[in-house]
Amino acid sequence: MRVALFITCFNDTLFPDTGRAVVTLLERLGHEVAFPEEQTCCGQMHFNTGYADDGLALARRFERVFDPYEAVVSPSASCVGMVRDHCPAVADRVFELTEFLVDRLGVVDVGATFPHRVTLHPTCHSLRLLKLGDRPKRLLEAVQGLELVDLEEPQECCGFGGTFAVKNADTSMAMLSDKLRRILDTRAEVCTAADNSCLMHIGGALRKQRTGVRAMHLAEILAAT
Amino acid sequence: MKGFPAAARESLQDSQLRRNLGKATQTIRAKRLRTIQELPDWEQLRDAGAAIKARAMATLPEQLERLEAAVTRAGGTVHWARDGAEATAIVARIAQSKGAREVIKVKSLATDEIDLNEGLHARGIEAIETDLAELIIQLAGDKQSHILVPAIHWNRSEIKTLFERTIAEGQDLGWEATAIAEAARKHLRDKFLTVPVAVSGANFGIAETGTICVVESEGNGRMCTTLPETLISVMGIEKVLPEWRDLEVFLQLLPRSSTAERMNPYTSLWTGVRDGDGPQEFHLVLLDNGRTRVLADEVGRQALHCIRCSACLNVCPVYERAGGQAYESVYPGPIGAILTPQLRGLDQAPTLPWASSLCGACFEACPVKIDIPSVLVHLRARVVREEKSSYSPEALAMRAAAKTFGSRGGYERAQRLSKLGRGPLGKVPVPGWSTMRELPEVPESTFREWWSERRAG
């Protein structure tokens, strides 16, 4: 199948390794990846921060760019959430990565090997906007050598929330410190998620506090051999 | 008004609050999940609740007139109050006509919303709260911090000390919860038997029959609605239910969502007055106080469907940490963040729509399926459009970003600029972010650069 990659502006600029991992993974599974280079941003940041007109204009632009493709895949649950709700022209053709693998391709074991102790932060938009359920977990459980350890209160927000982390910095930090404590309680080496936005927030604190725990996008684990 | 970020910064320092809320909300969250899982038709009940409320709001004028006619037929008197001042004047006038210097109160958010107690006090009438938590707040001169458990931020020793210097002056109440509660019980029993006028709110008002319904746990409300000669109920106009049969849906949704009980201990229903049984005079004050303005907002109006269960507070990670007082309103938590700015006007609470990470836990828990995250985002857009300067640094930055994202060329130029973050610029702390987190390293090449090299190579 020919799959268009919606990388998201955030991953394109700050987390290119995640995009490379998606390409590696999809090609390994025998699919051709296209990258529409006109793509920029889906408009989520503008829309959720109160700049609805700008956000929706970007959403329209997104529809135009991705309209020619029959399947679009993205390693970001929250951007896919934005597209689902606000880009009706392409909404049912845009998949979050784990949805695409499990539902569209029917794969759970993607042939990855990752011999590390990992905990999964399920992320709010994965759980409640996209209702990904246990898809990320099932994919991780099928990875060779990977030891998946449960996170306490997994469904609770890490406190990122886009501009929330800056506009309500104190509350955001209170939420983050509780999430961090629970991650450390698992004694995992890696904290993973289906979204780099939460991981930038969690990982930034894991690094600053010299915990030695790495934040790593799920796609990078699934691409590892 | 401090605004949410500043108010939360203060409350976050309160470890007592953090501990109480953390413990209480974790317990109630688990219990609520167990209780709703008992009902195979929970999702259908939620849909029914949402549909009944939507119908009531779409036909509000008609339903209120039906309610008025039914209450009048049953021997009650209906008053219409545009705002808090009118409602307070009506309540005061009735109390004064009975020669009352005191009124006893059933726990009521609508009367807290309009500062009824303060308004009555200014007219020489003392309102006595009879709900235990409301009594604590009143005696302490504090503010509520939870819809259902207003004194959730108080602990036993504080309450003991408070009672020993107020309603149980000079006594040593000890440390047993029952003994401390007994002091309130004795204090209130005397009031129930002597005060001639009671004031309540209303959980539901049924247009078909003119029946008013109050649900509670303690039974003090039942005392107020049965013992005094005169009963005045202040009801927000959105509390009307069209038909009697609608009630069964909400009497299932409400207790399971609020206290995680199958049924609340006391459900009081009364229809007008009856000779020799209960209050001989009943007044219903229908309160608007901003509600029709909320109704005019097509997206925001669903906030009026709220049945004040507080499930959204109990699942909210922001509420759990910042506490109720940070919302500076009798309606805290996610529902408060969409209700307060709409009821008071956006300019009166412009930071509340941002007091959420949009995690969606509230929407998932709401028994009448209010899409709180969508209303928050809608209100953010309204605040930006109606209240904020289009030349604020944020607005200018957002406009510039929108323009950048508007074309591939602009976007790629911005990406090249972002690489300046690889140098010393990347070490400049970002206010609000860098206290606790490092910024990610800006990578050597973007994904698209890697992609085009790969294709070329």
# chains A, B, ... in the order shown; residues from 1 in each chain; ligands from 1
call {"tool": "residues_around", "arguments": {"residues": "Asp297 of chain B", "least_positions_apart": "5", "cutoff": "12 Å", "atoms": "only C-alpha atoms", "output": "list in words"}}
result
Met57, Gly290, Arg291, Thr292, Gln302, Ala303, Leu304, Ile338, Leu339, Gln342, Leu343, Val375, His378, Leu379 and Arg382 of chain B
call {"tool": "write_last_selection", "arguments": {"atoms": "C-alpha atoms", "output": "PDB file, in the first residue's frame"}}
result
ATOM      1  CA  MET B  57     -33.220  24.082  27.112  1.00  0.00           C
ATOM      2  CA  GLY B 290     -26.794  35.181  33.163  1.00  0.00           C
ATOM      3  CA  ARG B 291     -28.379  31.890  32.142  1.00  0.00           C
ATOM      4  CA  THR B 292     -30.342  33.179  29.150  1.00  0.00           C
ATOM      5  CA  GLN B 302     -24.502  22.779  26.979  1.00  0.00           C
ATOM      6  CA  ALA B 303     -22.907  23.996  30.215  1.00  0.00           C
ATOM      7  CA  LEU B 304     -26.502  24.572  31.357  1.00  0.00           C
ATOM      8  CA  ILE B 338     -16.914  26.793  31.331  1.00  0.00           C
ATOM      9  CA  LEU B 339     -19.797  27.958  33.507  1.00  0.00           C
ATOM     10  CA  GLN B 342     -20.332  32.407  30.684  1.00  0.00           C
ATOM     11  CA  LEU B 343     -22.504  33.298  33.676  1.00  0.00           C
ATOM     12  CA  VAL B 375     -16.592  24.340  25.136  1.00  0.00           C
ATOM     13  CA  HIS B 378     -14.747  27.610  22.028  1.00  0.00           C
ATOM     14  CA  LEU B 379     -14.549  30.003  24.986  1.00  0.00           C
ATOM     15  CA  ARG B 382     -14.310  33.945  22.213  1.00  0.00           C
TER      16      ARG B 382
END
call {"tool": "residues_around", "arguments": {"residues": "Gly30 of chain A", "least_positions_apart": "6", "cutoff": "12 Å", "atoms": "only C-alpha atoms", "output": "list in words"}}
result
Met1, Arg2, Val3, Val23, Thr24, Leu105 and Val110 of chain A
call {"tool": "residues_around", "arguments": {"residues": "Val108 of chain A", "least_positions_apart": "6", "cutoff": "10 Å", "atoms": "only C-alpha atoms", "output": "PDB file with N, CA and C atoms, in the first residue's frame"}}
result
ATOM      1  N   THR A  98      -0.419   3.571  15.562  1.00  0.00           N
ATOM      2  CA  THR A  98      -0.796   2.269  16.146  1.00  0.00           C
ATOM      3  C   THR A  98      -2.145   1.791  15.601  1.00  0.00           C
ATOM      4  N   LEU A 101      -1.361   0.337  12.151  1.00  0.00           N
ATOM      5  CA  LEU A 101      -0.738  -0.984  12.212  1.00  0.00           C
ATOM      6  C   LEU A 101      -1.757  -2.048  12.612  1.00  0.00           C
ATOM      7  N   VAL A 102      -2.477  -1.789  13.697  1.00  0.00           N
ATOM      8  CA  VAL A 102      -3.339  -2.830  14.261  1.00  0.00           C
ATOM      9  C   VAL A 102      -4.634  -2.986  13.455  1.00  0.00           C
ATOM     10  N   ARG A 135      -4.113  -0.743  21.930  1.00  0.00           N
ATOM     11  CA  ARG A 135      -3.307  -0.964  20.724  1.00  0.00           C
ATOM     12  C   ARG A 135      -1.815  -0.726  20.965  1.00  0.00           C
ATOM     13  N   PRO A 136      -1.443   0.428  21.564  1.00  0.00           N
ATOM     14  CA  PRO A 136       0.004   0.629  21.801  1.00  0.00           C
ATOM     15  C   PRO A 136       0.588  -0.471  22.681  1.00  0.00           C
ATOM     16  N   LYS A 137      -0.173  -0.884  23.668  1.00  0.00           N
ATOM     17  CA  LYS A 137       0.306  -1.904  24.598  1.00  0.00           C
ATOM     18  C   LYS A 137       0.511  -3.240  23.878  1.00  0.00           C
ATOM     19  N   ARG A 138      -0.447  -3.594  23.031  1.00  0.00           N
ATOM     20  CA  ARG A 138      -0.332  -4.874  22.317  1.00  0.00           C
ATOM     21  C   ARG A 138       0.889  -4.882  21.402  1.00  0.00           C
ATOM     22  N   LEU A 139       1.133  -3.748  20.739  1.00  0.00           N
ATOM     23  CA  LEU A 139       2.306  -3.659  19.871  1.00  0.00           C
ATOM     24  C   LEU A 139       3.594  -3.825  20.675  1.00  0.00           C
ATOM     25  N   LEU A 140       3.637  -3.189  21.830  1.00  0.00           N
ATOM     26  CA  LEU A 140       4.845  -3.270  22.654  1.00  0.00           C
ATOM     27  C   LEU A 140       5.050  -4.671  23.205  1.00  0.00           C
ATOM     28  N   GLU A 141       3.956  -5.314  23.576  1.00  0.00           N
ATOM     29  CA  GLU A 141       4.060  -6.662  24.152  1.00  0.00           C
ATOM     30  C   GLU A 141       4.626  -7.667  23.148  1.00  0.00           C
ATOM     31  N   ALA A 142       4.447  -7.351  21.846  1.00  0.00           N
ATOM     32  CA  ALA A 142       4.929  -8.278  20.822  1.00  0.00           C
ATOM     33  C   ALA A 142       6.393  -8.031  20.453  1.00  0.00           C
ATOM     34  N   VAL A 143       6.993  -7.003  21.049  1.00  0.00           N
ATOM     35  CA  VAL A 143       8.392  -6.696  20.721  1.00  0.00           C
ATOM     36  C   VAL A 143       9.314  -7.654  21.478  1.00  0.00           C
TER      37      VAL A 143
END
call {"tool": "closest_residue", "arguments": {"among": "A:Leu132, A:Ala188, A:Ala71, A:Val65", "to": "chain B", "atoms": "only C-alpha atoms"}}
result
A:Val65
call {"tool": "closest_atom_pairs", "arguments": {"of": "chain B", "to": "chain A", "cutoff": "8 Å", "atoms": "only C-alpha atoms", "output": "JSON lines"}}
result
{"residue": "B:Pro5", "atom": "CA", "partner": "A:Asn168", "partner_atom": "CA", "distance": 5.3}
{"residue": "B:Ala8", "atom": "CA", "partner": "A:Thr171", "partner_atom": "CA", "distance": 6.8}
{"residue": "B:Arg9", "atom": "CA", "partner": "A:Asp170", "partner_atom": "CA", "distance": 5.9}
{"residue": "B:Leu12", "atom": "CA", "partner": "A:Thr171", "partner_atom": "CA", "distance": 7.3}
{"residue": "B:Pro317", "atom": "CA", "partner": "A:Cys157", "partner_atom": "CA", "distance": 6.7}
{"residue": "B:Val318", "atom": "CA", "partner": "A:Thr171", "partner_atom": "CA", "distance": 6.6}
{"residue": "B:Arg321", "atom": "CA", "partner": "A:Ala174", "partner_atom": "CA", "distance": 6.9}
{"residue": "B:Ala322", "atom": "CA", "partner": "A:Thr171", "partner_atom": "CA", "distance": 6.6}
{"residue": "B:Trp354", "atom": "CA", "partner": "A:Phe164", "partner_atom": "CA", "distance": 6.9}
{"residue": "B:Ala355", "atom": "CA", "partner": "A:Asn168", "partner_atom": "CA", "distance": 7.1}
{"residue": "B:Ser356", "atom": "CA", "partner": "A:Phe164", "partner_atom": "CA", "distance": 7.0}
{"residue": "B:Ser357", "atom": "CA", "partner": "A:Gly161", "partner_atom": "CA", "distance": 4.1}
{"residue": "B:Leu358", "atom": "CA", "partner": "A:Gly161", "partner_atom": "CA", "distance": 6.3}
{"residue": "B:Cys359", "atom": "CA", "partner": "A:Cys124", "partner_atom": "CA", "distance": 5.1}
{"residue": "B:Gly360", "atom": "CA", "partner": "A:Arg128", "partner_atom": "CA", "distance": 6.2}
{"residue": "B:Ala361", "atom": "CA", "partner": "A:Arg128", "partner_atom": "CA", "distance": 7.5}
{"residue": "B:Glu364", "atom": "CA", "partner": "A:Arg128", "partner_atom": "CA", "distance": 7.5}
{"residue": "B:Val377", "atom": "CA", "partner": "A:Asn48", "partner_atom": "CA", "distance": 5.6}
{"residue": "B:His378", "atom": "CA", "partner": "A:Gly50", "partner_atom": "CA", "distance": 7.3}
{"residue": "B:Leu379", "atom": "CA", "partner": "A:Gly50", "partner_atom": "CA", "distance": 7.6}
{"residue": "B:Arg380", "atom": "CA", "partner": "A:Gly50", "partner_atom": "CA", "distance": 4.4}
{"residue": "B:Ala381", "atom": "CA", "partner": "A:Gly50", "partner_atom": "CA", "distance": 3.8}
{"residue": "B:Arg382", "atom": "CA", "partner": "A:Gly50", "partner_atom": "CA", "distance": 7.4}
{"residue": "B:Val383", "atom": "CA", "partner": "A:Gly50", "partner_atom": "CA", "distance": 7.5}
{"residue": "B:Val384", "atom": "CA", "partner": "A:Gly50", "partner_atom": "CA", "distance": 6.0}
{"residue": "B:Met398", "atom": "CA", "partner": "A:His46", "partner_atom": "CA", "distance": 7.0}
{"residue": "B:Arg399", "atom": "CA", "partner": "A:Asp54", "partner_atom": "CA", "distance": 7.6}
{"residue": "B:Ala402", "atom": "CA", "partner": "A:Asp54", "partner_atom": "CA", "distance": 6.0}
{"residue": "B:Phe405", "atom": "CA", "partner": "A:Thr40", "partner_atom": "CA", "distance": 5.7}
{"residue": "B:Gly406", "atom": "CA", "partner": "A:Leu58", "partner_atom": "CA", "distance": 6.8}
{"residue": "B:Ser407", "atom": "CA", "partner": "A:Thr40", "partner_atom": "CA", "distance": 7.5}
{"residue": "B:Arg408", "atom": "CA", "partner": "A:Glu38", "partner_atom": "CA", "distance": 5.4}
{"residue": "B:Tyr411", "atom": "CA", "partner": "A:Thr40", "partner_atom": "CA", "distance": 6.6}
{"residue": "B:Gln415", "atom": "CA", "partner": "A:Thr13", "partner_atom": "CA", "distance": 6.3}
{"residue": "B:Pro431", "atom": "CA", "partner": "A:Val166", "partner_atom": "CA", "distance": 7.5}
{"residue": "B:Gly432", "atom": "CA", "partner": "A:Val166", "partner_atom": "CA", "distance": 5.1}
{"residue": "B:Trp433", "atom": "CA", "partner": "A:Val166", "partner_atom": "CA", "distance": 6.1}
{"residue": "B:Met436", "atom": "CA", "partner": "A:Ala205", "partner_atom": "CA", "distance": 5.7}
{"residue": "B:Arg437", "atom": "CA", "partner": "A:Ala205", "partner_atom": "CA", "distance": 4.1}
{"residue": "B:Glu438", "atom": "CA", "partner": "A:Gly204", "partner_atom": "CA", "distance": 4.5}
{"residue": "B:Leu439", "atom": "CA", "partner": "A:Gly204", "partner_atom": "CA", "distance": 6.0}
{"residue": "B:Pro440", "atom": "CA", "partner": "A:Gly204", "partner_atom": "CA", "distance": 6.7}
{"residue": "B:Glu441", "atom": "CA", "partner": "A:Leu14", "partner_atom": "CA", "distance": 7.4}
{"residue": "B:Val442", "atom": "CA", "partner": "A:Leu14", "partner_atom": "CA", "distance": 5.7}
{"residue": "B:Pro443", "atom": "CA", "partner": "A:Leu14", "partner_atom": "CA", "distance": 6.3}
{"residue": "B:Ser445", "atom": "CA", "partner": "A:Pro16", "partner_atom": "CA", "distance": 7.7}
{"residue": "B:Thr446", "atom": "CA", "partner": "A:Thr13", "partner_atom": "CA", "distance": 5.1}
{"residue": "B:Phe447", "atom": "CA", "partner": "A:Pro16", "partner_atom": "CA", "distance": 4.4}
{"residue": "B:Arg448", "atom": "CA", "partner": "A:Asp12", "partner_atom": "CA", "distance": 6.6}
call {"tool": "write_last_selection", "arguments": {"atoms": "C-alpha atoms", "output": "short mmCIF file (atom, residue, chain, number, x, y, z; two decimals), in the first residue's frame"}}
result
data_model
loop_
_atom_site.label_atom_id
_atom_site.label_comp_id
_atom_site.auth_asym_id
_atom_site.auth_seq_id
_atom_site.Cartn_x
_atom_site.Cartn_y
_atom_site.Cartn_z
CA PRO B 5 -2.59 30.91 37.16
CA ALA B 8 -3.32 28.21 41.57
CA ARG B 9 0.28 29.16 42.28
CA LEU B 12 -0.39 24.56 45.02
CA PRO B 317 -5.86 16.46 37.25
CA VAL B 318 -5.86 20.26 37.30
CA ARG B 321 -3.79 19.81 42.35
CA ALA B 322 -4.94 23.43 42.24
CA TRP B 354 -7.28 28.03 29.81
CA ALA B 355 -7.35 26.30 33.21
CA SER B 356 -7.28 22.89 31.54
CA SER B 357 -4.80 20.72 29.70
CA LEU B 358 -7.72 19.50 27.52
CA CYS B 359 -7.06 15.95 28.71
CA GLY B 360 -10.73 15.05 28.25
CA ALA B 361 -11.23 13.17 31.53
CA GLU B 364 -15.59 11.03 29.72
CA VAL B 377 -11.69 25.72 23.26
CA HIS B 378 -14.75 27.61 22.03
CA LEU B 379 -14.55 30.00 24.99
CA ARG B 380 -10.82 30.50 24.43
CA ALA B 381 -11.61 31.61 20.91
CA ARG B 382 -14.31 33.94 22.21
CA VAL B 383 -11.96 35.48 24.79
CA VAL B 384 -9.31 36.01 22.10
CA MET B 398 0.23 33.52 16.76
CA ARG B 399 -0.45 35.57 13.66
CA ALA B 402 -0.05 31.15 11.18
CA PHE B 405 2.67 27.64 8.52
CA GLY B 406 0.63 29.00 5.64
CA SER B 407 3.26 28.15 3.03
CA ARG B 408 5.95 25.55 2.55
CA TYR B 411 7.74 27.00 7.10
CA GLN B 415 12.91 25.54 10.35
CA PRO B 431 9.95 31.21 31.33
CA GLY B 432 7.52 28.69 32.75
CA TRP B 433 9.16 25.80 30.92
CA MET B 436 11.52 21.90 35.49
CA ARG B 437 12.32 20.75 31.98
CA GLU B 438 15.13 21.01 29.48
CA LEU B 439 14.28 21.96 25.93
CA PRO B 440 14.87 19.26 23.35
CA GLU B 441 18.09 19.53 21.35
CA VAL B 442 17.40 20.99 17.94
CA PRO B 443 18.58 18.25 15.58
CA SER B 445 18.71 18.16 10.11
CA THR B 446 14.93 18.17 9.93
CA PHE B 447 12.97 15.15 8.81
CA ARG B 448 12.25 16.69 5.42
#
call {"tool": "residues_around", "arguments": {"residues": "Leu222 of chain A", "least_positions_apart": "2", "cutoff": "9 Å", "atoms": "only C-alpha atoms", "output": "ChimeraX atom specification"}}
result
/A:21-22,25,110-114,139-140,143,218-220,224-225
call {"tool": "write_last_selection", "arguments": {"atoms": "C-alpha atoms", "output": "PDB file, in the first residue's frame"}}
result
ATOM      1  CA  ALA A  21      11.455   5.242  12.395  1.00  0.00           C
ATOM      2  CA  VAL A  22       7.961   5.360  10.851  1.00  0.00           C
ATOM      3  CA  LEU A  25       8.874   0.426   9.975  1.00  0.00           C
ATOM      4  CA  VAL A 110       6.065  -5.855  13.678  1.00  0.00           C
ATOM      5  CA  GLY A 111       9.286  -7.840  14.001  1.00  0.00           C
ATOM      6  CA  ALA A 112      11.027  -5.482  16.400  1.00  0.00           C
ATOM      7  CA  THR A 113      13.587  -6.278  19.054  1.00  0.00           C
ATOM      8  CA  PHE A 114      14.170  -3.937  21.964  1.00  0.00           C
ATOM      9  CA  LEU A 139       2.306  -3.659  19.871  1.00  0.00           C
ATOM     10  CA  LEU A 140       4.845  -3.270  22.654  1.00  0.00           C
ATOM     11  CA  VAL A 143       8.392  -6.696  20.721  1.00  0.00           C
ATOM     12  CA  LEU A 218       6.772   4.205  20.316  1.00  0.00           C
ATOM     13  CA  ALA A 219       7.649   4.242  16.602  1.00  0.00           C
ATOM     14  CA  GLU A 220      11.354   4.177  17.443  1.00  0.00           C
ATOM     15  CA  ALA A 224      14.311  -1.180  16.378  1.00  0.00           C
ATOM     16  CA  THR A 225      15.791  -4.541  15.415  1.00  0.00           C
TER      17      THR A 225
END
call {"tool": "select_by_dssp", "arguments": {"residues": "segment 174-297 of chain B", "states": "helix (DSSP H, G or I)", "output": "VMD selection string"}}
result
chain B and resid 177 to 194 220 to 226 237 to 239 244 to 258 291 to 295
call {"tool": "atom_distance", "arguments": {"atom1": "atom CA of Ala177 of chain B", "atom2": "atom CA of Pro150 of chain B"}}
result
17.4 Å
call {"tool": "residues_around", "arguments": {"residues": "Met235 of chain B", "least_positions_apart": "3", "cutoff": "9 Å", "atoms": "only C-alpha atoms", "output": "VMD selection string"}}
result
chain B and resid 110 to 111 200 to 205 238 to 240 284 to 288
call {"tool": "residues_around", "arguments": {"residues": "Phe250 of chain B", "least_positions_apart": "6", "cutoff": "10 Å", "atoms": "only C-alpha atoms", "output": "VMD selection string"}}
result
chain B and resid 45 to 46 48 to 49 52 203 to 204 241 256 307 367 to 368
call {"tool": "closest_residue", "arguments": {"among": "B:Leu352, B:Ala51, B:Ala337, B:Ala401", "to": "Ala414 of chain B", "atoms": "only C-alpha atoms"}}
result
B:Ala401
call {"tool": "select_by_dssp", "arguments": {"residues": "segment 28-216 of chain A", "states": "strand (DSSP E)", "output": "list in words"}}
result
Glu32, Val33, Ala34, Val72, Val73, Ser74, Val94, Phe95, Glu96, Arg117, Val118, Thr119, Leu120, Glu147, Leu148, Val149, Val190, Cys191, Thr192, Ala193, Arg214, Ala215 and Met216 of chain A
call {"tool": "residues_around", "arguments": {"residues": "Phe282 of chain B", "least_positions_apart": "2", "cutoff": "7 Å", "atoms": "only C-alpha atoms", "output": "ChimeraX atom specification"}}
result
/B:76-77,230-232,272-273,279-280,284
call {"tool": "closest_residue", "arguments": {"among": "A:Glu70, A:Lys131, A:His121, A:Ala59", "to": "Ser197 of chain A", "atoms": "only C-alpha atoms"}}
result
A:His121
call {"tool": "closest_residue", "arguments": {"among": "A:Gly212, A:Pro122, A:Pro68, A:Gly133", "to": "Lys179 of chain A", "atoms": "only C-alpha atoms"}}
result
A:Pro122
